[in-house]
Structures are given as structure tokens and as C-alpha cells.
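*Asks:* Mind having a look at this structure? Questions to follow.
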Amino acid sequence: MAILQNNNHANGNASVSTDNTSGPPSLDASKLTFTLTQSLKPVPPPETLKFGHIFTDYMLVAPYTPTTGWSAPKIKLYGDISLNPASPCFHHSTNVLTVWRLFRPDLNMTRLQSPMDRVALPPLDTDELVKLIKSLVKLESRWIPTVSGHSLYIRPTVIGTRSIFGVGASDHSLLYVILSPSGPFFRTGAPASLLAMNETVRAWPGGTGGYKLSTVTEAGAMNFMIALQRDDGVIDVVTAPLDGTILPGVTRNSCLALAAAHPSRTLLPGLPETLRLHPQERAFTVSDLFKWSAEGRLLETFAVGTAAIVAGVGRTGYKGKDVVLPPYEGGRGPVAKALYDRILDIQEDRVEWEGWGVVVEGAGSAKRLAPRCPIVI
């Protein structure tokens, strides 16, 4: 095992250290160090990969204290973390995470910083974090699956580590990033089934439902969307508004943006040029689903999220009754499939769209089936 100091690895260039004269030092990618090993783990075949079961050789870590600020980040062997049992991450849920495919980094880093502010964790420079993640991905490029629809799942996490048992903002924290090569979230292609409940709730107005904390949202861990036929032939693509109880998913945002762009700015795969999609953010209920289904207007229901991208929902149960959608080949209706195919095309570099994709230079892309294979944060 060797320890290497490298000030020119992050994003291919040396970073300018931020001289934060008004407070402790900021996160600085130019101070990244490496602890490397020759005893690397074998990479399993893509067809054996299950979501979140396998982890790569290395992880990124950087602690924060109020006196030293963000310490020099380190890439070291993947392993357990030692924490004081009084740390608030165990008692008060001061845990913030995000997931990303090196896709739309501006939105994904906002989704990390926003909940950090909400639970009063020390701020970090997300531009520097992106550089650090690129360095980690470059080092671990042999783990990037070469099969379309597979991905390298990246999980940045920030936790409160102040060694005090009382309630209060944690002025100590730990940033760490781990990687997991994963297969499709749903391998069978069959549509998902959902159970709607109103006896218990996960989020409420004024709470933390709109933040990526140690919780989940809506359809499991995904946003819920529907395709609704209008009398004028337009299809409304509808999802719940961001009222503070709904997670502002990046895939949700991407689906709404792509729906708005069809057909004037782009043609989504498999959809006719004559079809217009109208994205809407508005409240609706399970009773509405039953009503629209009975009227023949409910065309599709689907869930969207980073890992699954777009997953068809064939059945939604509520109080002993089901809303059942028509069966579609592959489990996705035409609108859901068009959104899934286009987002995957962007992530795998078959289509360029508004700079959403991110290239990691030197990650061996020339030999990959998908030049910009999904890398999930």
C-alpha cells in the first residue's frame, strides 16, 4: 500500500485553493491525497450486479471541524467508519445524501447543499466536491459497467459528528463518497405495483419532505407522474408540485423539461411529431386517478428517480380497489418509454442535450459500449 500526494489529479488540473478569510478553510480538491493498494477486488460480470450490493475498492473522505474547517480530502480503501456513539447522526438524523449519474451536476449539488442547510451542517464548496468525485471515478474507472442500462452508483453523504448528546446544530461533520456498480433497478421489465395509504404520512408542510435526508418519498424513493389525455389531443404529463413535502428530484425535473421540449425543440423517441406533451405540476388525489381511469383518460402512471430513471406503474391499490393500467411491452407506456430512452441516451452520450451529461476525462470511455456510461450520484 502506498500513500500518494497529488495536486493535479482533480479534474485534470490543479485547483486554486480558496482562502476563506472569514471562516475555516473550505473544501479544496487540490489538496487531495491517495492511499492506494495493489490488491484490488475482482470486478463481477455486469449480469450479476444487484442494486447497491457491491462496492468499489476506494472511498473519498473529508472531515470538518470548527477549528480546522474542511481537512484535506483523502481517497482511501473502502471500509468501516469509526464514530462517537453520541454523534447526532445516530440520534437526530443529521444525515444528508444524494445520488447522481454525473448528470446535471448543478441540480444534484443543489440537492445536496439544500438539506445540509436545512439541518444546519457546515457548508461545503460543491464545485470542489464535483472535482473530487471525478477524481474518484477516474481512479475506479474499471468498475464502470460496459452494458447499457447499468451504472456506477455514486453516493455522497454528509453526516453530523459532534460528540455531544444534546440537541443542536452539529459543528463537526464528515463527508464521504462511496461507489457501487449496479444493474437495472428493475430487471424484469414488468411494471411496478403501488399501494397508496393515508393512515400514515412521511412528510408534512413545514417538515423535511423536500430534502434528501435519511428518508424516502412518494412512490418508494421516486417521484410519481401520470400521462393524462386531454380532449384536444394533447397529453398532460402531471406530477405533484414542490410544496415542501415532495423531493425535488433531478429526474423529475428532467422529465418535465423534456416533455416541454417535444416536439418543438426535440423529438422524443417513439412519439409522433404531431403529439404535443404539456408538463404540469399540480395536486391530484388517488380519487382523481380512479375518476380519470373510469373516463378512459388515464393513459400511463410511472415513477421516476435516479436509479430506475423511469419505471412503469401498472397498478395502484387504495382501500381494497385498484387502478389498473393497460399492459405495455417492457412495462412502460409510450410517454414513459420515450422519457426513459431519451434520458438514457443523454447519459450514455448518444444524444447531447443542454450540457446535462458529464465526461470524466481519462476514465477509459473509448472502450465502453456507452461512451458516457451512467455514473449515478
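We label chains A, B, ... in the order they appear in the C-alpha cells, count residues from 1 in each chain, and number ligands from 1 in the order shown.
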Based on DSSP run over this structure's backbone, return all residues of stretch 196-287 of chain A in strand (DSSP E), as a ChimeraX atom specification.

*Replies:* /A:217-218,221-229,235-239,277-281

*Asks:* DSSP says alpha helix (DSSP H) for which residues of stretch 8-250 of chain A? Put them as a tab-separated table (two decimals) with C-alpha atoms, in the first residue's frame?

*Replies:*
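And here's selection34.tsv as it stands now:
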```tsv
chain	number	residue	atom	x	y	z
A	88	PRO	CA	-26.06	13.41	16.22
A	89	CYS	CA	-26.20	11.38	13.01
A	90	PHE	CA	-27.34	8.47	15.23
A	91	HIS	CA	-29.80	10.44	17.36
A	105	PRO	CA	-24.33	18.32	-11.63
A	106	ASP	CA	-25.71	21.78	-10.86
A	107	LEU	CA	-29.08	20.40	-9.77
A	108	ASN	CA	-27.58	17.44	-7.96
A	109	MET	CA	-25.20	19.57	-5.94
A	110	THR	CA	-28.06	21.91	-5.04
A	111	ARG	CA	-29.96	18.84	-3.85
A	112	LEU	CA	-27.02	18.05	-1.55
A	113	GLN	CA	-26.41	21.56	-0.23
A	114	SER	CA	-30.07	22.42	0.41
A	115	PRO	CA	-30.70	19.72	3.05
A	116	MET	CA	-27.30	20.46	4.60
A	117	ASP	CA	-28.54	24.00	5.18
A	118	ARG	CA	-31.87	22.64	6.47
A	126	THR	CA	-19.90	21.76	-4.19
A	127	ASP	CA	-17.77	22.71	-7.21
A	128	GLU	CA	-14.77	21.27	-5.38
A	129	LEU	CA	-16.80	18.20	-4.49
A	130	VAL	CA	-17.57	17.57	-8.16
A	131	LYS	CA	-13.84	17.71	-8.91
A	132	LEU	CA	-13.17	15.22	-6.13
A	133	ILE	CA	-15.87	12.86	-7.38
A	134	LYS	CA	-14.39	12.98	-10.87
A	135	SER	CA	-11.01	12.02	-9.41
A	136	LEU	CA	-12.56	9.08	-7.56
A	137	VAL	CA	-14.45	7.92	-10.67
A	138	LYS	CA	-11.32	8.21	-12.80
A	139	LEU	CA	-9.39	6.07	-10.31
A	250	VAL	CA	-33.45	15.71	-10.75
```

*Asks:* With a distance cut-off of 8 Å and only C-alpha atoms, select the neighbouring residues of A:Val286, excluding the residue or stretch itself and same-chain residues fewer than 4 positions from it, and output the selection as a ChimeraX atom specification.

*Replies:* /A:196,290,318

*Asks:* Go ahead and dump the residues you just picked, N, CA, C and O atoms, as a compact mmCIF listing (two decimals), in the first residue's frame.

*Replies:*
```txt
# COMPACT_ATOMS: atom_id res chain seq x y z
N ALA A 196 -51.31 2.77 -2.19
CA ALA A 196 -51.49 4.12 -1.65
C ALA A 196 -52.12 4.03 -0.27
O ALA A 196 -53.03 3.23 -0.04
N PHE A 290 -58.76 7.23 -9.99
CA PHE A 290 -59.91 6.35 -10.26
C PHE A 290 -60.87 7.01 -11.25
O PHE A 290 -61.38 6.36 -12.18
N TYR A 318 -55.74 1.06 -3.53
CA TYR A 318 -56.16 2.01 -2.50
C TYR A 318 -57.48 1.53 -1.91
O TYR A 318 -58.49 1.38 -2.61
```

*Asks:* A:Phe302, A:Phe103, A:Trp143, A:Phe186: which is nearest A:Glu354, counting only C-alpha atoms?

*Replies:*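 Ranked by minimum distance to A:Glu354, first place goes to A:Phe103.
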
*Asks:* Find the distance between atom CA of A:Thr306 and atom CA of A:Gly333 and write it in Å to one decimal.

*Replies:*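 Spanning atom CA of A:Thr306 to atom CA of A:Gly333 is a straight-line distance of 19.0 Å.
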
*Asks:* Hey, could you make a per-residue contact list for stretch 138-181 of chain A against stretch 337-345 of chain A with 12 Å as the cut-off, showing the nearest pair of atoms and its distance in Å to one decimal, counting only C-alpha atoms, sorted by chain and number, as CSV?

*Replies:*
```
residue,atom,partner,partner_atom,distance
A:Ser148,CA,A:Leu344,CA,8.4
A:Gly149,CA,A:Leu344,CA,7.4
A:His150,CA,A:Leu344,CA,10.1
A:Ser151,CA,A:Leu344,CA,10.6
```

*Asks:* Write a file of the selected residues as a tab-separated table (two decimals), in the first residue's frame, keeping all heavy atoms.

*Replies:*
```
chain	number	residue	atom	x	y	z
A	148	SER	N	-25.27	-1.19	-21.50
A	148	SER	CA	-26.25	-0.12	-21.45
A	148	SER	C	-27.32	-0.43	-20.40
A	148	SER	O	-27.77	-1.57	-20.26
A	148	SER	CB	-26.90	0.06	-22.82
A	148	SER	OG	-27.85	1.09	-22.80
A	149	GLY	N	-27.73	0.60	-19.67
A	149	GLY	CA	-28.72	0.42	-18.62
A	149	GLY	C	-28.13	0.10	-17.27
A	149	GLY	O	-28.84	0.15	-16.26
A	150	HIS	N	-26.84	-0.25	-17.22
A	150	HIS	CA	-26.13	-0.44	-15.96
A	150	HIS	C	-25.42	0.86	-15.60
A	150	HIS	O	-25.26	1.74	-16.45
A	150	HIS	CB	-25.13	-1.58	-16.07
A	150	HIS	CG	-25.76	-2.93	-16.26
A	150	HIS	ND1	-26.61	-3.20	-17.31
A	150	HIS	CD2	-25.65	-4.08	-15.55
A	150	HIS	CE1	-27.01	-4.46	-17.22
A	150	HIS	NE2	-26.45	-5.02	-16.16
A	151	SER	N	-24.97	0.99	-14.37
A	151	SER	CA	-24.41	2.27	-13.96
A	151	SER	C	-23.45	2.12	-12.79
A	151	SER	O	-23.42	1.09	-12.11
A	151	SER	CB	-25.54	3.23	-13.57
A	151	SER	OG	-26.31	2.68	-12.52
```
